[in-house]
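Colleague: First, the structure itself, so that you have it in front of you.
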Amino acid sequence: MPDMSNATPLLVMKDVHIEARSNDIWTSVVEGVDLTLRKGEVLGLIGESGAGKSTLGLAAMGFARDGCRISGGSIHFDGIDLLAQSEAGHRSILGRRIAYVAQSAAASFNPAHRLISQYIEGPVQHGVMQRDEAMRDAFDLYRRMQLPDHERIGFRYPHQVSGGQLQRAMTAMAMSCRPDLIIFDEPTTALDVTTQVEVLSAIRDIVRQYNTAAIYITHDLAVVAQMADRIKILRHGREVEEADTAEMVNAPREDYSRSLWAVREYNRIPRPEVKSSSVPLLAIQNISAAYGQALCLEDINLDFHRGRTVAVVGESGSGKSTLARVITGLKPPSQGSIHLDGDELPGSYRKRSRDQLRRVQMIYQMADTALNPKLRIGELIGRPAQMYLGLRGKALTGRVRELLDLIGLDPDSFINRLPSELSGGQKQRIGIARAIAAEPKLIICDEVTSALDQIVAAEILKLLDDLQSKLGLAYMFITHDISTVRAIADDVVIMSGGRIMEVGPKGRVLDSPESPYTRALLESVPERDPNWLTKKLRKSRLG
Amino acid sequence: MRKISNLILQRLALGFVTLFLVSLVIFLAAELLPGDIAEAMLGQSATPETLASLRLELGLDQPAYIRYVHWLGGALTGDFGKSLATGRPISELLHPQLENTFFLATYSIVLAVPLAIGLGVLTALLRNTLPDRLLNGVALTAISFPEFFVAYILICVLAQTGIFPSMTRLTPGGGLGGFLYSAFLPALTLTMVVTAHMMRMTRAAIINLLALPYIEMARLKGMPSLRIIVIHALPNALAPIITVVAINIAYLITGVVIVEVVFVYPGLGQLMVDSVSRRDMPVVQSIALIFAATYVLINLLADVLSILTNPRLLHTK
Amino acid sequence: MTPVMFLTWGALAIVLGTIAGWSFRWILSRCTTGYVRIAVRQAPVAASFGMLIILLYVGVAILAPLIAPFAEREVVADQFMPWSATNLLGTDNLGRDMFTRLIYGARNTVGIAFAVTVIAFVIGSTFGLLAATVGGWADQLSSRLVDVMMAIPALIFSLLLLTIFGTSIISLVLVIAVIDSTRVFRVARAVAQTIVTMDFVEAARLRGETLFRLVFREVLPNALAPLIAEFGLRFCFVFLSISALSFLGVGIQPPMADWGSMVRDNAALITFGDLTPLLPAGAIALLAVAVNFVVDWFLHIASGLQE
């Protein structure tokens, strides 16, 4: 950590205002934020979607995206007024003294050029290095970024390299001119947890080696706690609070800052274990499924019981979503069987009876695309009740109002609205009501909270839990987020590569995992402790 | 590299299947005639005897698939059969017209493609500024103008003052310069019509491209605009631009027919329209086949070129 | 006409058009309220000019018999008479009143183009939405069929089919409608395909909804905005195609008054410096420009709504 007392500020942003244009009207995105950064210091910029953190990060480079403009305030970098620079003057700073690492490396590398030519472009064009020197430097930085085969990987094209490696190559590229400041814009958000750890440690090492200042933008407080010296929290384009990392993690002043841990702190009453003699509600036996030649599910056996929640956990490509598609009948299995209440379900949903369809319902991750934007709430919720239960007229309206009450929305003001007139959390509630309206036995919840802000996510989890107690529902909870699993699961299934790696009650699987994969997965999840990454790396280097 | 050659072979196969099906549609269209070609030829004067002998002469007694094979085989070797109206072999009728139309089309493409791509890229770079809006307004207007309106305006403005001829006479001996001069107005008309469409599509394609994250990355690396366009945008813009050019060949073909009529240009379009009025089915079929095949082949070529210029496909894992 | 004169006339047309569009927008914003009023106020001048012109054409088409001084097919004077008080725009190649023919042309040309577009739309969008929603081999088969039909340039295909079916109004309408429905099919299918992949359609399928309800309750309402824009563009295209065919002599047949044929029949005058035959051509161009301007504005609003 740099010495704060006598270091001169590298970046000073004062009262910055940024506006974005939509439909020819300018609306405020960032409203009067101050930001100071010293040489070699790492500032974590955190906030939920729409908080304006990426916009502010780009503004630190004196840059505004098309359709945005910096409408007020001042931005000084190392004494230079970035907003008063000529175009050429501004360009000579970008890339050379301030560099940028984007969220999606796959989209931010030019597909037409090799990684190394994109690396040397900056140093050569800015006149920092000659071509040959820049090439040798690239090999060196690729090695420092722990990229495999560092003398050859640069000669590949972006689409020939994996996501985690690409993100490290992009960090190396940002380092190529040895800038004083790097803006990291959610560099690990698109990665799986196990890959994330490697990238985080590589980024942290390189920034420390060259004493580069950085602004690290993310929505994940646990991640930023590992990376930053100080943390600033943004909400709706304004600053909520700024403090040193330890203080922010252990004793945040504002309610909103505390709420960022909401899901981690939510913990419901565990339910009693099932008796081994009881008949499962839904039984999956020896299910395999394939896309073309590639097997994506292999010999899956799993039971769901009334009133219990099974969390299915895995990284992308683990087969957890395919499993859901097999259960709903969207993806008929290549072998195996599914029994619902003792009766075998046909593989395709087209062959299932209306009553079989009714008993398994689904709630989606993106409430935005899960609700028909042209239908009113009354029809969205009412349709399953009308179809499955034959409700008409007054009985139907009565049922819709009852459902709205159940999910905590006022029937009078919501029944005639369109989805676009609802907030994200309210839309997800409507998604839940639509599932409940069918009076199902099993509800498949596909990453239902991952698109939501933490407080809202915790509220949705609580609602689902209440409904489960009231209605005796079984949940299949698909997620990649371990804190959500801790919050809501009774049983946990860990999947990888289309297979089940481990099954068991939550306490047992999460606290004393048996399979090495589960252990690796759980150890990769960043924790609140700012020293977690350091400890983990030390442990893995020793082991 | 195996993947890319497979992909190209696949496209070629698909293209030739399309070509085959198109020829089938054009052939079968004639089967929809109320009665048959023999009745159409003889008209009122038909007697059962003359009809029967003509049918025998034309091979109409044979089943459709045999006639199709004969027709297609003939077309592939340059023998399109005989005109109903004149009785002359169609290949003779096509002889100078085909070259003339090809000349006019090439002339317009050579003028239009660089102009359209240039203006498209320019307006994309200047997007939402006054020059962009103005050029867009002009292009939108030009798209809305019927081809013959554009042609007659050009005649009024450029031919009546005696600068260019309003009727095209392609007399041999004038040399290339003479050809280019006498075909200038038809070529200019076509250029204006095609350029408007092509420019708008190029602009849209470039704007899509400039919004991509890797272009933003290049800007954030402090690269100058010219370098961003040439090094970062252009290699990725080839495929979309090729597609735009290929799509606009359809507008060119439509335009050719009308422009040839306006300027009394001795080309395929003129011949086709005359033959439609005379209901000379074999000639119409032959010319339709030539136009359609050209269009399909150009699109096929564009497909292959797009694959060959796509960096993601060129460098496989 | 010299190039300088031409540019002067062009500039004058733009100025007059701008004034007309501006005044019409002012009048519209006076007699509307609420959201419509806000939309109208933000409309570009070009769009309000377009709306004005479309209204004007519709008015002329409906009221043709009341406005026209003579009957549509009546021979009133000698051939090719110059402009005069009785024959405002002179007479045509058969001695019929040009002004009258121009007015009836609005009815015939625009009316037929509109009918064709409606038919093309009903066929094309129904099958396009169905193909995308059903998916599988039915979708593949119909799409490949449409691909083949689209591989023949539209004008060439219509010339071929008109040779076979003759040039009656019915065959003209059906031929153009079928050919254009392939283009509508492709657009409708593309729009529907992005909608069909959304979760709410999957939810509706899993609920066990019928195909009819999937298409008309879930997909169609969400495809409406791009389809309306496509209707405008398609109308322009059909209108220009029919005019082109009439100009070539294989479209709307005499003695029916029609703009494309009017240009063709009287084109000889142009070489004598008489610009009257350009008026029907200009009438075609003006309507197409107007529709395009309005569609452009509509697309702009629709894209704004999606954000």
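FYI, nothing fancy with the structure tokens labels: chains A, B, ... in order, residues from 1 per chain, ligands from 1 as they appear.
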Near range 108-113 of chain C, within 10 Å and counting only C-alpha atoms, which residues show up once chain neighbours fewer than 2 positions away are dropped, as a ChimeraX atom specification?

Modeller: /C:57-58,61-62,102-106,115-118,169-170,172-173,176-177,234-243,246,252,256-260,284,287

Colleague: Find the nearest atom pair between each residue of range 55-124 of chain A and range 148-165 of chain A for residues within 10 Å, count only C-alpha atoms, give distances in Å to one decimal, sort rows by chain and ascending number, and present the table as JSON lines.

Modeller:
{"residue": "A:Ser104", "atom": "CA", "partner": "A:Gly163", "partner_atom": "CA", "distance": 8.6}
{"residue": "A:Ala105", "atom": "CA", "partner": "A:Gly163", "partner_atom": "CA", "distance": 7.2}
{"residue": "A:Ala106", "atom": "CA", "partner": "A:Pro158", "partner_atom": "CA", "distance": 6.7}
{"residue": "A:Ala107", "atom": "CA", "partner": "A:Pro158", "partner_atom": "CA", "distance": 9.0}
{"residue": "A:Ser108", "atom": "CA", "partner": "A:Pro158", "partner_atom": "CA", "distance": 9.4}
{"residue": "A:Phe109", "atom": "CA", "partner": "A:Pro158", "partner_atom": "CA", "distance": 6.3}
{"residue": "A:Asn110", "atom": "CA", "partner": "A:Pro158", "partner_atom": "CA", "distance": 7.4}
{"residue": "A:Pro111", "atom": "CA", "partner": "A:Pro158", "partner_atom": "CA", "distance": 5.9}
{"residue": "A:Ala112", "atom": "CA", "partner": "A:Tyr157", "partner_atom": "CA", "distance": 7.5}
{"residue": "A:His113", "atom": "CA", "partner": "A:Tyr157", "partner_atom": "CA", "distance": 6.3}
{"residue": "A:Arg114", "atom": "CA", "partner": "A:Tyr157", "partner_atom": "CA", "distance": 4.5}
{"residue": "A:Leu115", "atom": "CA", "partner": "A:Gly154", "partner_atom": "CA", "distance": 4.9}
{"residue": "A:Ile116", "atom": "CA", "partner": "A:Gly154", "partner_atom": "CA", "distance": 4.5}
{"residue": "A:Ser117", "atom": "CA", "partner": "A:Gly154", "partner_atom": "CA", "distance": 8.0}
{"residue": "A:Gln118", "atom": "CA", "partner": "A:Gly154", "partner_atom": "CA", "distance": 9.2}
{"residue": "A:Tyr119", "atom": "CA", "partner": "A:Gly154", "partner_atom": "CA", "distance": 8.4}

Colleague: Using only N, CA and C atoms, please write the residues we just selected to a file, as a JSON list (two decimals), in the first residue's frame.

Modeller:
[["chain", "number", "residue", "atom", "x", "y", "z"],
["A", 104, "SER", "N", -15.37, -7.38, -21.60],
["A", 104, "SER", "CA", -15.31, -8.55, -22.49],
["A", 104, "SER", "C", -14.08, -8.47, -23.36],
["A", 105, "ALA", "N", -13.05, -9.25, -23.00],
["A", 105, "ALA", "CA", -11.82, -9.24, -23.80],
["A", 105, "ALA", "C", -12.09, -9.79, -25.18],
["A", 106, "ALA", "N", -13.01, -10.76, -25.27],
["A", 106, "ALA", "CA", -13.29, -11.39, -26.56],
["A", 106, "ALA", "C", -13.83, -10.36, -27.55],
["A", 107, "ALA", "N", -14.64, -9.40, -27.06],
["A", 107, "ALA", "CA", -15.20, -8.40, -27.96],
["A", 107, "ALA", "C", -14.26, -7.22, -28.14],
["A", 108, "SER", "N", -13.33, -7.02, -27.20],
["A", 108, "SER", "CA", -12.50, -5.81, -27.25],
["A", 108, "SER", "C", -11.18, -6.00, -27.97],
["A", 109, "PHE", "N", -10.84, -7.25, -28.28],
["A", 109, "PHE", "CA", -9.69, -7.47, -29.17],
["A", 109, "PHE", "C", -10.21, -7.49, -30.60],
["A", 110, "ASN", "N", -9.46, -6.87, -31.51],
["A", 110, "ASN", "CA", -9.86, -6.86, -32.91],
["A", 110, "ASN", "C", -9.65, -8.25, -33.51],
["A", 111, "PRO", "N", -10.71, -8.86, -34.06],
["A", 111, "PRO", "CA", -10.58, -10.23, -34.56],
["A", 111, "PRO", "C", -9.63, -10.36, -35.75],
["A", 112, "ALA", "N", -9.29, -9.23, -36.39],
["A", 112, "ALA", "CA", -8.50, -9.30, -37.61],
["A", 112, "ALA", "C", -7.00, -9.30, -37.36],
["A", 113, "HIS", "N", -6.58, -9.06, -36.13],
["A", 113, "HIS", "CA", -5.14, -8.95, -35.88],
["A", 113, "HIS", "C", -4.68, -9.88, -34.77],
["A", 114, "ARG", "N", -3.42, -10.28, -34.84],
["A", 114, "ARG", "CA", -2.85, -11.14, -33.81],
["A", 114, "ARG", "C", -2.72, -10.36, -32.50],
["A", 115, "LEU", "N", -2.73, -11.12, -31.39],
["A", 115, "LEU", "CA", -2.66, -10.48, -30.07],
["A", 115, "LEU", "C", -1.44, -9.58, -29.98],
["A", 116, "ILE", "N", -0.29, -10.06, -30.49],
["A", 116, "ILE", "CA", 0.94, -9.31, -30.28],
["A", 116, "ILE", "C", 0.97, -8.03, -31.11],
["A", 117, "SER", "N", 0.34, -8.06, -32.30],
["A", 117, "SER", "CA", 0.34, -6.80, -33.06],
["A", 117, "SER", "C", -0.54, -5.77, -32.36],
["A", 118, "GLN", "N", -1.57, -6.26, -31.66],
["A", 118, "GLN", "CA", -2.39, -5.31, -30.92],
["A", 118, "GLN", "C", -1.64, -4.83, -29.68],
["A", 119, "TYR", "N", -0.76, -5.68, -29.16],
["A", 119, "TYR", "CA", 0.05, -5.29, -28.00],
["A", 119, "TYR", "C", 1.04, -4.20, -28.39]]

Colleague: Calculated over only C-alpha atoms, which of the candidates A:Ala99, A:Cys296, A:Ile18, A:Ala228 has the smallest distance to Tyr216 in chain A?

Modeller: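 Smallest distance to Tyr216 in chain A is found for A:Ala228.
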
Colleague: Go through chain C and flag each residue having an atom no more than 7 Å from chain A; for those, report the closest pair of atoms plus their distance in Å to one decimal, using only C-alpha atoms, ordered by chain and rising number, as a Markdown table.

Modeller:
| residue | atom | partner | partner_atom | distance |
| --- | --- | --- | --- | --- |
| C:Met198 | CA | A:Thr369 | CA | 5.8 |
| C:Asp199 | CA | A:Ala370 | CA | 4.5 |
| C:Phe200 | CA | A:Ala370 | CA | 4.2 |
| C:Leu206 | CA | A:Tyr349 | CA | 6.6 |
| C:Arg207 | CA | A:Leu357 | CA | 6.3 |
| C:Gly208 | CA | A:Arg354 | CA | 6.5 |
| C:Glu218 | CA | A:Asn372 | CA | 6.7 |
| C:Pro221 | CA | A:Lys374 | CA | 6.4 |
| C:Asn222 | CA | A:Lys374 | CA | 6.7 |
| C:Gly304 | CA | A:Asn23 | CA | 5.6 |

Colleague: With distances taken over only C-alpha atoms, which of A:Gln167, A:Ser423, A:Thr322, A:Ser413 is nearest to Ser288 in chain A?

Modeller: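 Between A:Gln167, A:Ser423, A:Thr322, A:Ser413, the residue approaching Ser288 in chain A most closely is A:Thr322.
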
Colleague: With only C-alpha atoms considered, list every residue of chain B at most 8 Å from chain C, as a ChimeraX atom specification.

Modeller: /B:18,21-22,26,29-30,32-33,140-141,144-149,152,156-158,160-161,250,253-254,258,261,273,276-277,279-281,284-285,288,291-292,295-296

Colleague: Counting only C-alpha atoms, which residue out of C:Thr18, C:Thr133, C:Ser181, C:Ser143 sits closest to Val196 in chain C?

Modeller: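 Of all the options, C:Thr133 lies closest to Val196 in chain C.
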
Colleague: Quick one: of B:Pro282, B:Ala105, B:Glu99, B:Pro114, who's nearest to Gly81 in chain B, counting only C-alpha atoms?

Modeller: B:Pro282

Colleague: Show me, as an NGL selection string, every residue of chain B with an atom at most 12 Å from chain A, counting only C-alpha atoms.

Modeller: :B and (127-128 or 207 or 209-225 or 227-228 or 230-238 or 309-317)

Colleague: I need the chosen residues saved as a short mmCIF file (atom, residue, chain, number, x, y, z; two decimals), in the first residue's frame, with N, CA and C atoms.

Modeller:
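Saved the output as part04.cif:
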data_model
loop_
_atom_site.label_atom_id
_atom_site.label_comp_id
_atom_site.auth_asym_id
_atom_site.auth_seq_id
_atom_site.Cartn_x
_atom_site.Cartn_y
_atom_site.Cartn_z
N ARG B 127 -21.65 10.93 -38.99
CA ARG B 127 -23.04 10.64 -38.68
C ARG B 127 -23.64 11.70 -37.75
N ASN B 128 -24.92 11.99 -38.05
CA ASN B 128 -25.71 12.97 -37.30
C ASN B 128 -25.21 14.41 -37.42
N ILE B 207 -21.64 1.96 -39.45
CA ILE B 207 -22.03 2.45 -38.12
C ILE B 207 -22.13 1.29 -37.13
N LEU B 209 -20.41 -1.35 -37.23
CA LEU B 209 -19.04 -1.76 -36.96
C LEU B 209 -18.37 -0.82 -35.96
N LEU B 210 -18.58 0.50 -36.17
CA LEU B 210 -17.90 1.47 -35.32
C LEU B 210 -18.39 1.43 -33.88
N ALA B 211 -19.55 0.80 -33.66
CA ALA B 211 -20.07 0.73 -32.29
C ALA B 211 -19.48 -0.46 -31.54
N LEU B 212 -18.67 -1.28 -32.20
CA LEU B 212 -18.16 -2.48 -31.55
C LEU B 212 -17.08 -2.14 -30.52
N PRO B 213 -16.98 -2.98 -29.45
CA PRO B 213 -16.02 -2.69 -28.38
C PRO B 213 -14.58 -2.57 -28.86
N TYR B 214 -14.17 -3.33 -29.87
CA TYR B 214 -12.75 -3.25 -30.22
C TYR B 214 -12.39 -1.93 -30.91
N ILE B 215 -13.38 -1.27 -31.50
CA ILE B 215 -13.12 0.05 -32.06
C ILE B 215 -12.98 1.06 -30.91
N GLU B 216 -13.85 0.92 -29.90
CA GLU B 216 -13.73 1.78 -28.72
C GLU B 216 -12.37 1.57 -28.06
N MET B 217 -11.93 0.30 -28.02
CA MET B 217 -10.63 -0.02 -27.42
C MET B 217 -9.52 0.72 -28.17
N ALA B 218 -9.60 0.71 -29.50
CA ALA B 218 -8.55 1.39 -30.29
C ALA B 218 -8.56 2.88 -29.99
N ARG B 219 -9.75 3.45 -29.82
CA ARG B 219 -9.81 4.87 -29.48
C ARG B 219 -9.20 5.10 -28.10
N LEU B 220 -9.48 4.19 -27.17
CA LEU B 220 -8.96 4.36 -25.81
C LEU B 220 -7.45 4.10 -25.74
N LYS B 221 -6.92 3.45 -26.79
CA LYS B 221 -5.47 3.29 -26.85
C LYS B 221 -4.82 4.54 -27.43
N GLY B 222 -5.63 5.55 -27.76
CA GLY B 222 -5.10 6.81 -28.26
C GLY B 222 -4.72 6.76 -29.73
N MET B 223 -5.33 5.87 -30.51
CA MET B 223 -4.98 5.78 -31.92
C MET B 223 -5.72 6.85 -32.73
N PRO B 224 -5.06 7.42 -33.74
CA PRO B 224 -5.71 8.45 -34.56
C PRO B 224 -6.83 7.87 -35.42
N SER B 225 -7.80 8.73 -35.80
CA SER B 225 -9.01 8.26 -36.50
C SER B 225 -8.68 7.50 -37.77
N ARG B 227 -6.06 5.79 -38.59
CA ARG B 227 -5.54 4.46 -38.30
C ARG B 227 -6.67 3.54 -37.84
N ILE B 228 -7.60 4.08 -37.06
CA ILE B 228 -8.73 3.26 -36.60
C ILE B 228 -9.53 2.76 -37.80
N VAL B 230 -8.52 2.53 -41.05
CA VAL B 230 -7.78 1.69 -42.00
C VAL B 230 -7.36 0.36 -41.38
N ILE B 231 -6.81 0.41 -40.16
CA ILE B 231 -6.25 -0.80 -39.56
C ILE B 231 -7.30 -1.60 -38.79
N HIS B 232 -8.19 -0.89 -38.09
CA HIS B 232 -9.12 -1.62 -37.22
C HIS B 232 -10.48 -1.88 -37.84
N ALA B 233 -11.02 -0.92 -38.58
CA ALA B 233 -12.37 -1.12 -39.10
C ALA B 233 -12.36 -1.84 -40.45
N LEU B 234 -11.50 -1.39 -41.36
CA LEU B 234 -11.58 -1.88 -42.73
C LEU B 234 -11.46 -3.41 -42.89
N PRO B 235 -10.47 -4.06 -42.23
CA PRO B 235 -10.36 -5.51 -42.42
C PRO B 235 -11.64 -6.25 -42.02
N ASN B 236 -12.38 -5.67 -41.08
CA ASN B 236 -13.62 -6.32 -40.65
C ASN B 236 -14.82 -5.85 -41.45
N ALA B 237 -14.63 -4.76 -42.24
CA ALA B 237 -15.77 -4.19 -42.96
C ALA B 237 -15.92 -4.80 -44.34
N LEU B 238 -14.89 -5.54 -44.81
CA LEU B 238 -14.95 -6.06 -46.17
C LEU B 238 -16.17 -6.94 -46.39
N THR B 309 -12.70 -13.28 -46.44
CA THR B 309 -12.18 -12.08 -45.78
C THR B 309 -12.55 -12.05 -44.30
N ASN B 310 -13.18 -13.12 -43.81
CA ASN B 310 -13.55 -13.14 -42.39
C ASN B 310 -12.40 -13.69 -41.57
N PRO B 311 -11.77 -12.84 -40.75
CA PRO B 311 -10.59 -13.28 -40.00
C PRO B 311 -10.88 -14.45 -39.07
N ARG B 312 -12.10 -14.49 -38.51
CA ARG B 312 -12.41 -15.58 -37.58
C ARG B 312 -12.43 -16.92 -38.28
N LEU B 313 -12.82 -16.90 -39.58
CA LEU B 313 -12.86 -18.15 -40.32
C LEU B 313 -11.51 -18.49 -40.93
N LEU B 314 -10.74 -17.44 -41.26
CA LEU B 314 -9.45 -17.67 -41.90
C LEU B 314 -8.46 -18.35 -40.96
N HIS B 315 -8.49 -17.95 -39.70
CA HIS B 315 -7.52 -18.50 -38.75
C HIS B 315 -8.26 -19.35 -37.75
N THR B 316 -8.46 -20.62 -38.09
CA THR B 316 -9.18 -21.48 -37.16
C THR B 316 -8.23 -22.01 -36.12
N LYS B 317 -8.82 -22.66 -35.12
CA LYS B 317 -8.00 -23.08 -33.99
C LYS B 317 -6.97 -24.13 -34.38
#

Colleague: With only C-alpha atoms as the counted atoms, please give the residues lying no more than 12 Å from Gln454 in chain A, apart from itself and same-chain residues fewer than 5 positions off, as a list in words.

Modeller: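 Skipping anything fewer than 5 positions along the chain leaves Gly47, Glu48, Ser49, His219, Asp220, Leu221, Tyr256, Ser257, Arg258, Ser259, Leu260, Trp261, Ala262, Val263, Arg264, Glu265, Tyr266, Gly424, Gly425, Thr449, Glu459, Ile460, Leu461, Ser483 and Thr484 of chain A.
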
Colleague: As a ChimeraX atom specification, please: the residues near Lys331 in chain A (cut-off 9 Å, only C-alpha atoms, same-chain neighbours under 6 positions excluded).

Modeller: /A:289,322-325,347-349

Colleague: Tell me, which residues of range 121-340 of chain A carry DSSP strand (DSSP E or B), written as a PyMOL selection string?

Modeller: chain A and resi 181-185+213-218+230-235+238-244+282-291+294-304+309-313+335-340

Colleague: Quick one: everything within 12 Å of Asp410 in chain A, counting only C-alpha atoms, minus sequence neighbours fewer than 6 positions away in the same chain. Send it as a count of residues only.

Modeller: 11

Colleague: When DSSP works through the backbone of this structure, what residues of range 292-531 of chain A end up as helix (DSSP H, G or I), shown as a PyMOL selection string?

Modeller: chain A and resi 320-328+349-351+354-359+367-370+377-389+393-406+411-414+419-421+424-437+454-471+482-488+506-511+516-524

Colleague: Next, the residues of the selection above should be written as a compact mmCIF listing (two decimals), in the first residue's frame with C-alpha atoms.

Modeller:
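Final output, saved to again22.txt:
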# COMPACT_ATOMS: atom_id res chain seq x y z
CA LYS A 320 -27.11 -27.31 -15.11
CA SER A 321 -29.30 -25.40 -17.58
CA THR A 322 -29.57 -28.42 -19.87
CA LEU A 323 -30.81 -30.43 -16.92
CA ALA A 324 -33.59 -27.86 -16.45
CA ARG A 325 -34.44 -28.09 -20.16
CA VAL A 326 -34.66 -31.86 -19.90
CA ILE A 327 -37.03 -31.64 -16.94
CA THR A 328 -39.31 -29.10 -18.68
CA TYR A 349 -43.15 -31.13 -23.65
CA ARG A 350 -45.31 -31.45 -26.77
CA LYS A 351 -46.31 -34.96 -25.72
CA ARG A 354 -51.80 -30.20 -19.82
CA ASP A 355 -51.87 -31.38 -16.22
CA GLN A 356 -48.29 -32.64 -16.42
CA LEU A 357 -47.21 -29.28 -17.82
CA ARG A 358 -49.07 -27.51 -15.03
CA ARG A 359 -47.23 -29.33 -12.27
CA ALA A 367 -37.67 -11.05 -16.01
CA ASP A 368 -37.47 -8.55 -18.88
CA THR A 369 -37.62 -11.21 -21.56
CA ALA A 370 -39.69 -13.66 -19.55
CA ILE A 377 -50.12 -7.95 -15.60
CA GLY A 378 -53.69 -9.23 -15.17
CA GLU A 379 -53.44 -11.34 -18.30
CA LEU A 380 -49.86 -12.44 -17.66
CA ILE A 381 -50.77 -13.89 -14.27
CA GLY A 382 -54.32 -14.83 -15.16
CA ARG A 383 -53.51 -16.91 -18.23
CA PRO A 384 -52.22 -20.04 -16.41
CA ALA A 385 -55.20 -19.94 -14.01
CA GLN A 386 -57.55 -19.59 -16.98
CA MET A 387 -55.90 -22.39 -18.95
CA TYR A 388 -55.23 -24.97 -16.30
CA LEU A 389 -57.94 -24.31 -13.74
CA GLY A 393 -64.67 -13.75 -15.37
CA LYS A 394 -64.97 -12.74 -11.72
CA ALA A 395 -63.36 -15.91 -10.39
CA LEU A 396 -60.32 -15.23 -12.58
CA THR A 397 -60.00 -11.59 -11.52
CA GLY A 398 -60.38 -12.66 -7.90
CA ARG A 399 -57.62 -15.21 -8.27
CA VAL A 400 -55.30 -12.69 -9.97
CA ARG A 401 -55.84 -10.22 -7.12
CA GLU A 402 -55.18 -12.96 -4.59
CA LEU A 403 -51.91 -13.82 -6.35
CA LEU A 404 -50.82 -10.18 -6.43
CA ASP A 405 -51.50 -9.97 -2.70
CA LEU A 406 -49.47 -13.11 -2.20
CA PRO A 411 -53.72 -5.45 -6.90
CA ASP A 412 -55.50 -2.15 -7.63
CA SER A 413 -52.44 -0.37 -8.89
CA PHE A 414 -50.70 -3.28 -10.65
CA PRO A 419 -44.26 -4.97 -17.64
CA SER A 420 -42.35 -1.89 -18.84
CA GLU A 421 -43.97 0.10 -16.01
CA GLY A 424 -36.71 -5.27 -12.03
CA GLY A 425 -37.70 -6.75 -8.70
CA GLN A 426 -41.41 -6.24 -9.36
CA LYS A 427 -41.09 -7.98 -12.72
CA GLN A 428 -39.44 -10.94 -11.05
CA ARG A 429 -42.34 -11.05 -8.59
CA ILE A 430 -44.76 -11.20 -11.51
CA GLY A 431 -42.69 -14.09 -12.89
CA ILE A 432 -43.13 -15.86 -9.56
CA ALA A 433 -46.88 -15.14 -9.49
CA ARG A 434 -47.27 -16.56 -12.99
CA ALA A 435 -45.58 -19.78 -11.88
CA ILE A 436 -47.68 -20.00 -8.70
CA ALA A 437 -50.89 -19.34 -10.66
CA GLN A 454 -28.48 -7.42 -3.71
CA ILE A 455 -31.32 -6.04 -1.55
CA VAL A 456 -33.90 -6.93 -4.16
CA ALA A 457 -32.36 -10.37 -4.58
CA ALA A 458 -32.60 -11.00 -0.83
CA GLU A 459 -36.28 -9.93 -0.87
CA ILE A 460 -37.02 -12.30 -3.76
CA LEU A 461 -35.31 -15.17 -1.93
CA LYS A 462 -37.40 -14.44 1.14
CA LEU A 463 -40.61 -14.36 -0.92
CA LEU A 464 -39.75 -17.71 -2.51
CA ASP A 465 -39.05 -19.17 0.90
CA ASP A 466 -42.39 -17.92 2.33
CA LEU A 467 -44.28 -19.32 -0.64
CA GLN A 468 -42.56 -22.66 -0.16
CA SER A 469 -43.67 -22.88 3.45
CA LYS A 470 -47.23 -21.85 2.59
CA LEU A 471 -47.72 -24.02 -0.48
CA ILE A 482 -22.48 -19.87 -3.66
CA SER A 483 -23.90 -17.21 -1.36
CA THR A 484 -27.35 -17.76 -2.90
CA VAL A 485 -26.93 -21.47 -2.26
CA ARG A 486 -26.05 -20.85 1.37
CA ALA A 487 -29.07 -18.58 1.69
CA ILE A 488 -31.79 -20.85 0.36
CA LYS A 506 -26.19 -28.13 2.21
CA GLY A 507 -24.23 -28.21 5.46
CA ARG A 508 -22.30 -31.30 4.52
CA VAL A 509 -21.46 -30.34 0.92
CA LEU A 510 -20.48 -26.74 1.60
CA ASP A 511 -18.59 -27.27 4.83
CA PRO A 516 -11.86 -32.34 -5.23
CA TYR A 517 -13.86 -30.34 -7.77
CA THR A 518 -16.29 -29.07 -5.14
CA ARG A 519 -13.39 -28.11 -2.95
CA ALA A 520 -11.68 -26.19 -5.78
CA LEU A 521 -14.94 -24.48 -6.68
CA LEU A 522 -15.72 -23.42 -3.12
CA GLU A 523 -12.19 -22.20 -2.53
CA SER A 524 -12.38 -19.99 -5.61
